[in-house]
Amino acid sequence: MSDLIMDGSSPPQPPPQALLERLKDYGQEDAFALWNELSPEERLLLVKDIESLDLSRIDRIIRCSIRSHGLPAAAIEPVPESNVSTVEERTLEERERWWKLGLKAISDGKLAVLLLSGGQGTRLGSSDPKGCFNIGLPSGKSLFQLQAERILCVQRLAAEAMNDGSTRSVQIHWYIMTSPFTDEATRRFFESHKFFGLDADQVTFFQQGTIPCVSNDGKFIMETPYRVAKSPDGNGGVYAALKSSKLLEDMSMRGIKYVDCYGVDNALVRVADPTFLGYFIYKGVSAAAKVVRKAYPQEKVGVFVRRGKGGPLTVVEYSELDPSLASAINQQTGRLRFCWSNVCLHMFTVDFLNQVANGLEKDSIYHLAEKTIPSVQGHTIGYKLEQFIFDAFPYAPSTALFEVLREEEFAPVKNANGSTFDTPDSAKLLVLRLHARWVVAAGGFLTHSVPLYATGVEVSPLCSYAGENLEPICRGRTLHAPCEITF
Ligand code: UTP
């Protein structure tokens, strides 16, 4: 007689047969490998965890993604010049026209802002969602607060621009995508900061999906003996998440036509930029991206290309770009042939989002990102499966790129301080230096006890969105850097 029966406890139950058979169909039966060592509660958790997975869909994605991983892709071509609005060719008159056109659409309630905030931020190494991060500006504001205040500022500018004697207030709806890893903490942060002055009703949180992490032979990695390791399905999971949360209907119901979509980790992001929106409307395209010029050929950024002869616009990762192509020069422009870096700043029509939400869903090829994954065997190398926001571009009937200056609009916060680039410290300095230039241009003076390249001024987004309206505050005033300018 076994010890178990001798001591009065029941004999071990085998795993539920039907579930085990289903797992076997997909070669994933190892998920039950430690069944005999689990307590009854843990067994229940494991069964629930497996039952929550759409095994046939996941199996299709794993097989298709592993099969196509590393295969040579179709040849690429540079993006035609006519597809890009460059900084140097843009006239003042055009900028003003697009700014006004954008503000008008905003005051008509046609723009929503969509934040991608479901990433785990592993490189930054903070346990909080990235948006909660304080990058060390004099104000101590978090990334979320900087973005919320830029929305408040654009709302005010749009209301002022209506100029029709009405007292109608302008509201930009803010959709915030989280994941199971960031959702609760993000909501709590917004609530505890009273939505940074925004109306709680103008913010909608929704969650993206997750997908199991796999070993290189496609087997599920177990995070614990009773839970499959999962990760968010990439920022391109936004399309499916918008659909399953019925937010595309919500947008239509609110009369929203355009969606400004961006990543959480850019301290200089111009959320709801009226100029970009005005350009987008003027071009009449379905999808557009702000791009910055690649800093040097081997810079580790993805670039926009055309896939195949005359093919659709898409992004290739730096690792996929042959070094000789990466350094090739366009003799006519003197720029790199592949120079338009993707910085995750996009504009879409709601119509296009609807189209993509149905199209991408059927796409079973995900990107495989090799990562260290916590597992029952300790930290193990495996793959996270992800879709990317730019995977939608090849589906777009018409596209455009809009160049912006990196020192004005791109201050990435990717790595922890102490790393060589894209840290909170480097982002803070980019903000301080840009705002110092605004203050000087508005007639202010700066004194500083550390070299100016290592300090600067912070301008509250409540005072100015992009350097405008600072003269009354700054002209003739001497400021000691670092400091914050606010009302
Ligand atoms: P990154 O690719 O930099 O990933 O995300 P990450 O998760 O923030 O950081 P690491 O790689 O773990 O260090 C770019 C943007 O896409 C969002 C992120 O929140 C960030 O705004 N993102 C990423 C999602 O919304 N969901 C995802 O599944 C992945």
# chains A, B, ... in the order shown; residues from 1 in each chain; ligands from 1

$ residues_around --residues "Gly236 (chain A)" --least-positions-apart "6" --cutoff "8 Å" --atoms "only C-alpha atoms" --output "list in words"
Glu386, Gln387, Phe388, Ile389, Phe390, Asp391 and Ala392 of chain A

$ select_by_dssp --residues "region 234-476 of chain A" --states "strand (DSSP E or B)" --output "VMD selection string"
chain A and resid 258 to 263 266 287 to 293 303 to 307 313 to 316 329 336 340 to 349 367 to 375 378 to 386 399 to 403 412 417 419 445 to 448 457 to 459

$ atom_distance --atom1 "CA of Leu198 (chain A)" --atom2 "CA of Leu152 (chain A)"
7.0 Å

$ closest_residue --among "A:His367, A:Arg43, A:His346, A:Lys294" --to "Ala326 (chain A)" --atoms "only C-alpha atoms"
A:Lys294

$ closest_residue --among "A:Gly263, A:Pro15, A:Gly209, A:Gly444" --to "ligand 1" --atoms "only C-alpha atoms and all ligand atoms"
A:Gly263

$ residues_near_ligand --ligand "ligand 1" --cutoff "8 Å" --atoms "only C-alpha atoms and all ligand atoms" --output "VMD selection string"
chain A and resid 115 to 125 130 177 to 179 208 210 231 to 238 262 to 265 344 386 to 388 414 to 415

$ write_last_selection --atoms "N, CA, C and O atoms" --output "tab-separated table (two decimals), in the first residue's frame"
chain	number	residue	atom	x	y	z
A	115	LEU	N	-2.05	55.37	-26.46
A	115	LEU	CA	-0.74	55.11	-25.84
A	115	LEU	C	-0.48	53.61	-25.74
A	115	LEU	O	-1.33	52.87	-25.24
A	116	LEU	N	0.70	53.21	-26.19
A	116	LEU	CA	1.10	51.80	-26.10
A	116	LEU	C	1.91	51.63	-24.83
A	116	LEU	O	3.05	52.10	-24.74
A	117	SER	N	1.31	51.02	-23.85
A	117	SER	CA	1.97	50.99	-22.55
A	117	SER	C	1.87	49.60	-21.91
A	117	SER	O	1.73	49.48	-20.70
A	118	GLY	N	1.95	48.59	-22.77
A	118	GLY	CA	1.82	47.23	-22.26
A	118	GLY	C	3.15	46.51	-22.12
A	118	GLY	O	3.22	45.38	-21.65
A	119	GLY	N	4.25	47.18	-22.51
A	119	GLY	CA	5.57	46.52	-22.48
A	119	GLY	C	6.04	46.29	-21.05
A	119	GLY	O	5.61	46.96	-20.12
A	120	GLN	N	6.94	45.32	-20.91
A	120	GLN	CA	7.40	44.96	-19.57
A	120	GLN	C	8.57	45.83	-19.11
A	120	GLN	O	8.95	45.79	-17.94
A	121	GLY	N	9.16	46.58	-20.04
A	121	GLY	CA	10.24	47.49	-19.68
A	121	GLY	C	11.40	46.80	-18.97
A	121	GLY	O	11.99	47.35	-18.03
A	122	THR	N	11.75	45.61	-19.45
A	122	THR	CA	12.77	44.83	-18.73
A	122	THR	C	14.13	45.52	-18.71
A	122	THR	O	14.83	45.47	-17.70
A	123	ARG	N	14.45	46.22	-19.81
A	123	ARG	CA	15.79	46.85	-19.85
A	123	ARG	C	15.90	47.99	-18.86
A	123	ARG	O	16.95	48.26	-18.31
A	124	LEU	N	14.80	48.68	-18.62
A	124	LEU	CA	14.83	49.80	-17.68
A	124	LEU	C	14.96	49.29	-16.25
A	124	LEU	O	15.55	49.94	-15.38
A	125	GLY	N	14.41	48.09	-16.03
A	125	GLY	CA	14.60	47.43	-14.74
A	125	GLY	C	13.79	48.02	-13.59
A	125	GLY	O	14.12	47.78	-12.44
A	130	LYS	N	6.61	51.66	-17.16
A	130	LYS	CA	7.56	52.70	-17.58
A	130	LYS	C	7.00	54.11	-17.44
A	130	LYS	O	7.71	55.05	-17.12
A	177	MET	N	-3.31	51.56	-23.66
A	177	MET	CA	-3.21	50.10	-23.68
A	177	MET	C	-2.22	49.63	-22.63
A	177	MET	O	-1.06	50.06	-22.60
A	178	THR	N	-2.68	48.74	-21.77
A	178	THR	CA	-1.82	48.13	-20.76
A	178	THR	C	-1.75	46.64	-21.07
A	178	THR	O	-2.32	46.18	-22.06
A	179	SER	N	-1.07	45.90	-20.20
A	179	SER	CA	-1.07	44.44	-20.31
A	179	SER	C	-1.26	43.91	-18.89
A	179	SER	O	-1.22	44.69	-17.94
A	208	GLN	N	-3.99	44.52	-23.59
A	208	GLN	CA	-3.60	43.72	-24.73
A	208	GLN	C	-3.51	42.25	-24.29
A	208	GLN	O	-3.55	41.95	-23.09
A	210	THR	N	-1.79	38.26	-24.15
A	210	THR	CA	-0.47	37.67	-23.89
A	210	THR	C	-0.37	36.38	-24.70
A	210	THR	O	-1.38	35.87	-25.20
A	231	SER	N	4.09	36.41	-22.20
A	231	SER	CA	4.49	37.81	-22.31
A	231	SER	C	3.46	38.53	-23.18
A	231	SER	O	2.70	37.87	-23.91
A	232	PRO	N	3.41	39.85	-23.09
A	232	PRO	CA	2.46	40.58	-23.95
A	232	PRO	C	2.78	40.28	-25.42
A	232	PRO	O	3.93	40.01	-25.76
A	233	ASP	N	1.74	40.34	-26.26
A	233	ASP	CA	1.92	39.92	-27.66
A	233	ASP	C	2.49	41.03	-28.55
A	233	ASP	O	2.26	41.05	-29.75
A	234	GLY	N	3.25	41.95	-27.96
A	234	GLY	CA	3.91	42.99	-28.73
A	234	GLY	C	3.02	44.21	-28.90
A	234	GLY	O	1.80	44.12	-28.73
A	235	ASN	N	3.64	45.37	-29.24
A	235	ASN	CA	2.78	46.56	-29.35
A	235	ASN	C	1.81	46.47	-30.53
A	235	ASN	O	0.81	47.19	-30.56
A	236	GLY	N	2.08	45.55	-31.46
A	236	GLY	CA	1.10	45.31	-32.54
A	236	GLY	C	-0.12	44.55	-32.06
A	236	GLY	O	-1.11	44.44	-32.79
A	237	GLY	N	-0.07	44.07	-30.81
A	237	GLY	CA	-1.25	43.44	-30.20
A	237	GLY	C	-2.37	44.45	-30.03
A	237	GLY	O	-3.51	44.10	-29.75
A	238	VAL	N	-2.03	45.72	-30.24
A	238	VAL	CA	-3.02	46.79	-30.06
A	238	VAL	C	-4.22	46.62	-30.99
A	238	VAL	O	-5.35	46.92	-30.62
A	262	TYR	N	1.40	56.17	-30.03
A	262	TYR	CA	2.82	56.37	-29.69
A	262	TYR	C	3.23	55.47	-28.51
A	262	TYR	O	2.39	54.98	-27.77
A	263	GLY	N	4.55	55.32	-28.36
A	263	GLY	CA	5.10	54.52	-27.27
A	263	GLY	C	5.30	55.38	-26.03
A	263	GLY	O	5.53	56.59	-26.12
A	264	VAL	N	5.25	54.72	-24.89
A	264	VAL	CA	5.25	55.44	-23.62
A	264	VAL	C	6.62	56.05	-23.29
A	264	VAL	O	6.72	56.99	-22.51
A	265	ASP	N	7.67	55.52	-23.92
A	265	ASP	CA	9.01	55.78	-23.39
A	265	ASP	C	9.79	56.84	-24.16
A	265	ASP	O	10.99	56.69	-24.39
A	344	CYS	N	8.30	55.00	-33.47
A	344	CYS	CA	7.01	54.63	-32.87
A	344	CYS	C	6.10	55.84	-32.62
A	344	CYS	O	5.56	56.01	-31.54
A	386	GLU	N	5.90	38.28	-30.76
A	386	GLU	CA	5.34	39.64	-30.76
A	386	GLU	C	4.89	40.07	-32.15
A	386	GLU	O	5.52	39.74	-33.14
A	387	GLN	N	3.81	40.84	-32.18
A	387	GLN	CA	3.49	41.62	-33.39
A	387	GLN	C	3.93	43.05	-33.12
A	387	GLN	O	3.95	43.48	-31.96
A	388	PHE	N	4.27	43.76	-34.17
A	388	PHE	CA	4.71	45.15	-33.99
A	388	PHE	C	3.67	46.09	-34.60
A	388	PHE	O	3.02	45.75	-35.59
A	414	LYS	N	14.95	53.76	-22.52
A	414	LYS	CA	14.92	52.31	-22.73
A	414	LYS	C	15.72	51.57	-21.66
A	414	LYS	O	15.32	50.51	-21.19
A	415	ASN	N	16.92	52.10	-21.34
A	415	ASN	CA	17.86	51.38	-20.49
A	415	ASN	C	18.05	52.09	-19.16
A	415	ASN	O	17.84	53.30	-19.06

$ atom_distance --atom1 "CA of Ile485 (chain A)" --atom2 "CA of Val269 (chain A)"
18.7 Å

$ atom_distance --atom1 "CA of Asp273 (chain A)" --atom2 "CA of Ala287 (chain A)"
15.1 Å

$ select_by_dssp --residues "region 104-264 of chain A" --states "helix (DSSP H, G or I)" --output "MDAnalysis selection string"
chainID A and resid 104:107 130:132 143:162 183:192 194:197 200:202 237:244 247:254

$ closest_atom_pairs --of "region 306-398 of chain A" --to "region 76-88 of chain A" --cutoff "9 Å" --atoms "only C-alpha atoms" --output "Markdown table"
| residue | atom | partner | partner_atom | distance |
| --- | --- | --- | --- | --- |
| A:Arg306 | CA | A:Glu77 | CA | 5.0 |
| A:Arg307 | CA | A:Ile76 | CA | 4.7 |
| A:Gly308 | CA | A:Ile76 | CA | 5.2 |
| A:Lys309 | CA | A:Glu77 | CA | 6.8 |
| A:Gly310 | CA | A:Glu77 | CA | 7.7 |
| A:Gly311 | CA | A:Glu77 | CA | 8.4 |
| A:Leu313 | CA | A:Val79 | CA | 7.3 |
| A:Val316 | CA | A:Ile76 | CA | 8.9 |
| A:Arg337 | CA | A:Pro78 | CA | 6.0 |
| A:Phe338 | CA | A:Pro78 | CA | 5.7 |
| A:Cys339 | CA | A:Pro78 | CA | 8.5 |
| A:Trp340 | CA | A:Val79 | CA | 8.3 |

$ closest_residue --among "A:Asn469, A:Tyr296, A:Phe189, A:Leu137" --to "Val431 (chain A)" --atoms "only C-alpha atoms"
A:Leu137

$ closest_residue --among "A:Ser460, A:Thr399, A:Ser449, A:Ser127" --to "Lys283 (chain A)" --atoms "only C-alpha atoms"
A:Thr399

$ closest_atom_pairs --of "region 289-360 of chain A" --to "region 250-258 of chain A" --cutoff "12 Å" --atoms "only C-alpha atoms" --output "Markdown table"
| residue | atom | partner | partner_atom | distance |
| --- | --- | --- | --- | --- |
| A:His346 | CA | A:Tyr258 | CA | 10.5 |
| A:Met347 | CA | A:Tyr258 | CA | 6.9 |
| A:Phe348 | CA | A:Tyr258 | CA | 5.7 |
| A:Thr349 | CA | A:Tyr258 | CA | 4.5 |
| A:Val350 | CA | A:Lys257 | CA | 5.3 |
| A:Asp351 | CA | A:Lys257 | CA | 7.6 |
| A:Phe352 | CA | A:Tyr258 | CA | 9.5 |
| A:Leu353 | CA | A:Tyr258 | CA | 9.5 |
| A:Asn354 | CA | A:Ser252 | CA | 10.3 |

$ residues_around --residues "region 378-382 of chain A" --least-positions-apart "5" --cutoff "9 Å" --atoms "only C-alpha atoms" --output "MDAnalysis selection string"
chainID A and resid 213:216 221 223 369:373

$ write_last_selection --atoms "N, CA, C and O atoms" --output "PDB file, in the first residue's frame"
ATOM      1  N   CYS A 213       5.580  32.034 -23.890  1.00  0.00           N
ATOM      2  CA  CYS A 213       6.982  32.103 -24.314  1.00  0.00           C
ATOM      3  C   CYS A 213       7.410  30.668 -24.625  1.00  0.00           C
ATOM      4  O   CYS A 213       6.988  29.732 -23.939  1.00  0.00           O
ATOM      5  N   VAL A 214       8.249  30.525 -25.640  1.00  0.00           N
ATOM      6  CA  VAL A 214       8.606  29.162 -26.067  1.00  0.00           C
ATOM      7  C   VAL A 214      10.119  28.978 -26.173  1.00  0.00           C
ATOM      8  O   VAL A 214      10.865  29.948 -26.361  1.00  0.00           O
ATOM      9  N   SER A 215      10.535  27.709 -26.069  1.00  0.00           N
ATOM     10  CA  SER A 215      11.946  27.376 -26.303  1.00  0.00           C
ATOM     11  C   SER A 215      12.179  27.323 -27.814  1.00  0.00           C
ATOM     12  O   SER A 215      11.221  27.414 -28.586  1.00  0.00           O
ATOM     13  N   ASN A 216      13.448  27.109 -28.230  1.00  0.00           N
ATOM     14  CA  ASN A 216      13.669  27.193 -29.681  1.00  0.00           C
ATOM     15  C   ASN A 216      13.034  26.034 -30.458  1.00  0.00           C
ATOM     16  O   ASN A 216      12.915  26.098 -31.667  1.00  0.00           O
ATOM     17  N   ILE A 221       7.482  27.376 -22.289  1.00  0.00           N
ATOM     18  CA  ILE A 221       8.369  27.480 -21.125  1.00  0.00           C
ATOM     19  C   ILE A 221       7.460  27.620 -19.905  1.00  0.00           C
ATOM     20  O   ILE A 221       6.482  28.363 -19.943  1.00  0.00           O
ATOM     21  N   GLU A 223       6.761  28.942 -16.292  1.00  0.00           N
ATOM     22  CA  GLU A 223       7.289  29.950 -15.366  1.00  0.00           C
ATOM     23  C   GLU A 223       7.351  29.365 -13.948  1.00  0.00           C
ATOM     24  O   GLU A 223       8.287  29.602 -13.187  1.00  0.00           O
ATOM     25  N   ALA A 369      11.412  37.240 -30.485  1.00  0.00           N
ATOM     26  CA  ALA A 369      12.433  38.034 -29.798  1.00  0.00           C
ATOM     27  C   ALA A 369      13.125  37.138 -28.779  1.00  0.00           C
ATOM     28  O   ALA A 369      12.476  36.609 -27.874  1.00  0.00           O
ATOM     29  N   GLU A 370      14.433  36.948 -28.974  1.00  0.00           N
ATOM     30  CA  GLU A 370      15.169  36.076 -28.048  1.00  0.00           C
ATOM     31  C   GLU A 370      15.405  36.816 -26.739  1.00  0.00           C
ATOM     32  O   GLU A 370      15.974  37.917 -26.751  1.00  0.00           O
ATOM     33  N   LYS A 371      14.932  36.262 -25.629  1.00  0.00           N
ATOM     34  CA  LYS A 371      15.021  36.957 -24.329  1.00  0.00           C
ATOM     35  C   LYS A 371      15.369  35.958 -23.240  1.00  0.00           C
ATOM     36  O   LYS A 371      15.203  34.752 -23.410  1.00  0.00           O
ATOM     37  N   THR A 372      15.807  36.491 -22.103  1.00  0.00           N
ATOM     38  CA  THR A 372      15.980  35.643 -20.924  1.00  0.00           C
ATOM     39  C   THR A 372      14.626  35.584 -20.221  1.00  0.00           C
ATOM     40  O   THR A 372      14.050  36.623 -19.901  1.00  0.00           O
ATOM     41  N   ILE A 373      14.155  34.383 -19.979  1.00  0.00           N
ATOM     42  CA  ILE A 373      12.796  34.227 -19.434  1.00  0.00           C
ATOM     43  C   ILE A 373      12.852  33.473 -18.095  1.00  0.00           C
ATOM     44  O   ILE A 373      13.470  32.400 -18.020  1.00  0.00           O
TER      45      ILE A 373
END

$ closest_residue --among "A:Glu21, A:Glu37, A:Asp59, A:Glu320" --to "Leu385 (chain A)" --atoms "only C-alpha atoms"
A:Asp59

$ residues_around --residues "Phe205 (chain A)" --least-positions-apart "4" --cutoff "9 Å" --atoms "only C-alpha atoms" --output "JSON, numbers by chain"
{"A": [174, 175, 176, 177, 178, 183, 186, 187]}

$ closest_residue --among "A:Pro40, A:Ala357, A:Phe304, A:Leu101" --to "Phe276 (chain A)" --atoms "only C-alpha atoms"
A:Leu101

$ residues_around --residues "Gln145 (chain A)" --least-positions-apart "4" --cutoff "10 Å" --atoms "only C-alpha atoms" --output "number ranges by chain"
A: 131-134, 140-141, 149-151, 190, 193, 195-197, 461

$ write_last_selection --atoms "N, CA, C and O atoms" --output "mmCIF file, in the first residue's frame"
data_model
loop_
_atom_site.group_PDB
_atom_site.id
_atom_site.type_symbol
_atom_site.label_atom_id
_atom_site.label_comp_id
_atom_site.auth_asym_id
_atom_site.auth_seq_id
_atom_site.Cartn_x
_atom_site.Cartn_y
_atom_site.Cartn_z
ATOM 1 N N GLY A 131 5.697 54.251 -17.726
ATOM 2 C CA GLY A 131 5.095 55.585 -17.690
ATOM 3 C C GLY A 131 5.141 56.236 -16.314
ATOM 4 O O GLY A 131 5.044 57.459 -16.199
ATOM 5 N N CYS A 132 5.271 55.430 -15.267
ATOM 6 C CA CYS A 132 5.332 55.985 -13.899
ATOM 7 C C CYS A 132 6.724 56.543 -13.610
ATOM 8 O O CYS A 132 6.933 57.165 -12.562
ATOM 9 N N PHE A 133 7.655 56.305 -14.518
ATOM 10 C CA PHE A 133 9.057 56.620 -14.230
ATOM 11 C C PHE A 133 9.312 58.131 -14.213
ATOM 12 O O PHE A 133 8.870 58.864 -15.086
ATOM 13 N N ASN A 134 10.022 58.563 -13.180
ATOM 14 C CA ASN A 134 10.461 59.955 -13.060
ATOM 15 C C ASN A 134 11.889 60.005 -13.583
ATOM 16 O O ASN A 134 12.788 59.410 -12.992
ATOM 17 N N GLY A 140 10.237 66.649 -11.321
ATOM 18 C CA GLY A 140 10.014 65.277 -10.843
ATOM 19 C C GLY A 140 8.827 64.598 -11.515
ATOM 20 O O GLY A 140 8.346 63.569 -11.053
ATOM 21 N N LYS A 141 8.358 65.150 -12.648
ATOM 22 C CA LYS A 141 7.168 64.576 -13.300
ATOM 23 C C LYS A 141 7.479 63.219 -13.932
ATOM 24 O O LYS A 141 8.571 63.007 -14.459
ATOM 25 N N GLU A 149 -0.086 66.366 -19.535
ATOM 26 C CA GLU A 149 -0.060 67.837 -19.580
ATOM 27 C C GLU A 149 0.076 68.336 -21.017
ATOM 28 O O GLU A 149 -0.415 69.416 -21.352
ATOM 29 N N ARG A 150 0.719 67.558 -21.871
ATOM 30 C CA ARG A 150 0.767 67.974 -23.286
ATOM 31 C C ARG A 150 -0.632 67.871 -23.892
ATOM 32 O O ARG A 150 -1.025 68.714 -24.702
ATOM 33 N N ILE A 151 -1.385 66.877 -23.491
ATOM 34 C CA ILE A 151 -2.770 66.776 -23.983
ATOM 35 C C ILE A 151 -3.568 67.991 -23.485
ATOM 36 O O ILE A 151 -4.293 68.630 -24.259
ATOM 37 N N PHE A 190 -2.746 56.596 -12.169
ATOM 38 C CA PHE A 190 -3.599 57.676 -12.688
ATOM 39 C C PHE A 190 -4.589 58.138 -11.613
ATOM 40 O O PHE A 190 -4.802 59.330 -11.429
ATOM 41 N N HIS A 193 -3.007 60.208 -8.912
ATOM 42 C CA HIS A 193 -2.588 61.548 -9.368
ATOM 43 C C HIS A 193 -3.753 62.321 -9.990
ATOM 44 O O HIS A 193 -3.538 63.267 -10.744
ATOM 45 N N PHE A 195 -5.633 61.852 -12.377
ATOM 46 C CA PHE A 195 -5.586 61.903 -13.847
ATOM 47 C C PHE A 195 -4.834 63.145 -14.343
ATOM 48 O O PHE A 195 -5.056 63.627 -15.435
ATOM 49 N N PHE A 196 -3.960 63.665 -13.514
ATOM 50 C CA PHE A 196 -3.070 64.783 -13.882
ATOM 51 C C PHE A 196 -3.850 65.991 -14.407
ATOM 52 O O PHE A 196 -3.360 66.745 -15.246
ATOM 53 N N GLY A 197 -5.071 66.142 -13.934
ATOM 54 C CA GLY A 197 -5.852 67.314 -14.359
ATOM 55 C C GLY A 197 -6.789 67.023 -15.505
ATOM 56 O O GLY A 197 -7.621 67.862 -15.862
ATOM 57 N N PRO A 461 4.717 71.578 -19.705
ATOM 58 C CA PRO A 461 3.831 71.491 -20.871
ATOM 59 C C PRO A 461 2.567 72.320 -20.680
ATOM 60 O O PRO A 461 1.884 72.636 -21.648
#

$ residues_around --residues "Gly102 (chain A)" --least-positions-apart "4" --cutoff "6 Å" --atoms "only C-alpha atoms" --output "list of chain:residue names"
A:Trp98, A:Pro274, A:Thr275, A:Leu277, A:Gly278
